[in-house]
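Just below is one structure, and these are the notes that go with it.
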Amino acid sequence: MFSFKIIQKDKKSKARLGILRTHHGIIHTPTFTPVGTKGALRGLSFESAKKYGAEIFMMNTFHLFHNDRYKIIEKFGGLHKFLNIKTPIMTDSGGFQVFSLGFGAEHGVGKVANIFPEESYHKNFSRSSQSHPSSGAGLLISHPADRSVNLKKCRKQFIVFGAENYKFSAFYSSDQSRRGYKACPQKVFVTKNIYKPKKNLLALNKNFVKIDEEGATFKSPLDGRILRLTPESSIEIQKKLGADIIFAFDECTSPLSDYKYTKKAMNRTHRWAERCVKIIQKSKNEKGQVLFGIVQGGEYEDLRKDSSEFISSLPFFGFGIGGSLGKSKQDIVKVLNWTIPYLPENKPRHLLGIGEIDDIFNAIETGIDLFDCVIPTRWARHNTAFTSNGRLNLKPSKYLTDKKPIDPKCSCDICKNYSRAYICHLLREKEIYGVMLLSEHNIAWILNLMREIRESIKENKFDTLKKQYLKYYCHLLK
RNA sequence: CCAAGGGUCGCAUAGCGGUCAAUUGCACGAGGCUGUAAACCUCGCGGGCUUGCCCUACGCAGGUUCGAAUCCUGCCCCUUGGA
């Protein structure tokens, strides 16, 4: 019953039309998979997304695992029953969180979580006032150790990095024309300024991921619990969640990882892939789930080739393309062209986490069938809409008088019924409804784009459609 | 009229002799966001340029001091009690 069939190929590119059959329905590819990490799309219902053409949704193992929620979901009979949707679902394995929660863990961040190298320390701590001691002292910053202390209590003291043993006191030049401070051992200086560490650096400090051959250990960002995921446990959890398509547990490497580390991580991901296959073959598959393997290899041509060939050699139903896709947009196509030629033609290819408009066009052209991305819903929560003329931030007050719909060319219910002015008003007043309207529009907009893309491939006009869109999007390209 | 407490950069707060053009939150403005630690994050937010210095600023007016948002005096307002 589960099958993938290519029904048409674009004559000018590697773009293709396909039909992916699952136990919960048919998916027409290329398609976009809205992401509902914790079992909700955030801001709109699954029903609403379906109305605009969503045929599959993505959820996340890590987020349904960290609080043991998968156990509840299992008791309900799986995600479809728990969420009461009949649409196909895919679950990510948690591999991405190895990266996103523990950036560069293996070569430092995990271990360094409690230590700030001097350089990054200087870079990342700031204060709001500009004035600095005019002489005798270096950069003024609070000490990391102060972070555990009530800032209000310790606000009257500061430490000069690199001169911790000095206290500071006021000095005046003899003609009174200058005021300043100088380092003055053993005198206590009192000031009212606070040197405040940036928020996200504080957050980073609290978390880590450690990766070993067996799997990955997380310190949960939400409650500090220590969590462990392995290929086996990820698959077990995904079996309990019961999605139609599940992903192998991988390690997503960072764009900053070097060749050596990327290769090491890739080979480990390959061994993990074998274990994922093994456990799925060994256990019962009552729900008829299929497994996608994930290609890694970062932005290195030979690694991408190796990874594609290795992952292709295992009995996966389809393939996810993951990991770093390079340091710029241009690299994405390059990496895909190093990857896709080594994947079997007749199996579905899912480009993990990609969803900007130009990237979607470029990826489809290289032969990608499925996408997922948080951008439509996240941008909506961040006041930004997709339009045929590029992205549009609707928060600025100038839109309070704009009677036009979000995108005059869009045919979604939001654009049919509401003005930019109303949505701007809602966003500025922090009414949740504003975010809901934007979320629905963005999802509708991108799903409509995917439909246009499928139609264009059918009519052999994909390149025309691409040019047409990118013409208006060109100012978005970085 | 008496007593007590207050008036700080849009609003609200902190500061109570010198790192004070002044803390923090809100508001405002600009950027960012690609398998969701994300309704979030970063930056800016008196004026001027030569971007580290100048000018104007803590109710108003004086005073003390090398130096006042901070201490003193008077005035004007506000709050709460009392007559």
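Chain labels A, B, ... are given in the sequence in which chains occur in the structure tokens; within each chain residues are numbered consecutively from 1, and ligands are likewise numbered from 1 in the order shown.
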Item to check | Check: which chain B residues lie within 6 Å of chain A using only C-alpha atoms (C1' of nucleotides), as a VMD selection string | outcome: chain B and resid 34 to 35 37 39
Let's have the selection written as a PDB file, in the first residue's frame, with C-alpha atoms (C1' of nucleotides).
ATOM      1  C1'   U B  34      15.485  27.613   6.916  1.00  0.00           C
ATOM      2  C1'   G B  35      14.457  18.998  10.255  1.00  0.00           C
ATOM      3  C1'   A B  37      14.973  26.066  23.665  1.00  0.00           C
ATOM      4  C1'   A B  39       4.104  35.073  19.915  1.00  0.00           C
TER       5        A B  39
END
Next on the checklist: I'd like to know which residues of stretch 359-390 of chain A are strand (DSSP E or B) (by DSSP, run on the backbone); could you write them as a list of chain:residue names?
Outcome noted: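 Residues of stretch 359-390 of chain A classed as strand (DSSP E or B): A:Leu370, A:Phe371, A:Asp372, A:Cys373, A:Thr384, A:Ala385, A:Ser388, A:Gly390.
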Keeping only N, CA and C atoms, write the selected residues as an mmCIF file, in the first residue's frame.
data_model
loop_
_atom_site.group_PDB
_atom_site.id
_atom_site.type_symbol
_atom_site.label_atom_id
_atom_site.label_comp_id
_atom_site.auth_asym_id
_atom_site.auth_seq_id
_atom_site.Cartn_x
_atom_site.Cartn_y
_atom_site.Cartn_z
ATOM 1 N N LEU A 370 10.066 16.514 -1.200
ATOM 2 C CA LEU A 370 9.363 16.990 -0.008
ATOM 3 C C LEU A 370 10.215 18.002 0.757
ATOM 4 N N PHE A 371 9.510 18.952 1.357
ATOM 5 C CA PHE A 371 10.153 19.943 2.214
ATOM 6 C C PHE A 371 9.402 20.021 3.534
ATOM 7 N N ASP A 372 10.110 20.448 4.555
ATOM 8 C CA ASP A 372 9.417 20.880 5.759
ATOM 9 C C ASP A 372 10.164 22.094 6.253
ATOM 10 N N CYS A 373 9.472 22.969 6.914
ATOM 11 C CA CYS A 373 10.136 24.165 7.419
ATOM 12 C C CYS A 373 9.240 24.883 8.413
ATOM 13 N N THR A 384 5.623 38.544 10.196
ATOM 14 C CA THR A 384 6.043 38.608 8.797
ATOM 15 C C THR A 384 5.199 37.696 7.910
ATOM 16 N N ALA A 385 4.801 38.215 6.767
ATOM 17 C CA ALA A 385 3.956 37.470 5.836
ATOM 18 C C ALA A 385 4.707 37.177 4.552
ATOM 19 N N SER A 388 3.629 37.723 -2.786
ATOM 20 C CA SER A 388 4.217 37.476 -4.099
ATOM 21 C C SER A 388 5.263 38.536 -4.422
ATOM 22 N N GLY A 390 7.618 39.363 -2.112
ATOM 23 C CA GLY A 390 8.639 39.242 -1.071
ATOM 24 C C GLY A 390 8.015 39.224 0.309
#
Checklist outcome for this item: Using only C-alpha atoms (C1' of nucleotides), the shortest atom-to-atom distance to B:U56 among B:C41, B:C26, B:C33, B:A21 belongs to B:A21
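Atom pair atom CA of A:Phe218 / atom CA of A:Phe99 has a distance of 10.6 Å (rounded to one decimal).
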Next on the checklist: Excluding stretch 282-287 of chain A and its own-chain neighbours fewer than 6 positions away, which residues fall within 10 Å of it when counting only C-alpha atoms (C1' of nucleotides)? Please give them as a ChimeraX atom specification.
Outcome noted: /A:23,78,236,239-240,242-244,276
Next on the checklist: I'd like to know which of A:Thr387, A:Lys334, A:Ser397, A:Ile72 is closest to B:G29, using only C-alpha atoms (C1' of nucleotides).
Outcome noted: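 Once distances to B:G29 are computed over only C-alpha atoms (C1' of nucleotides), the minimum belongs to A:Ser397.
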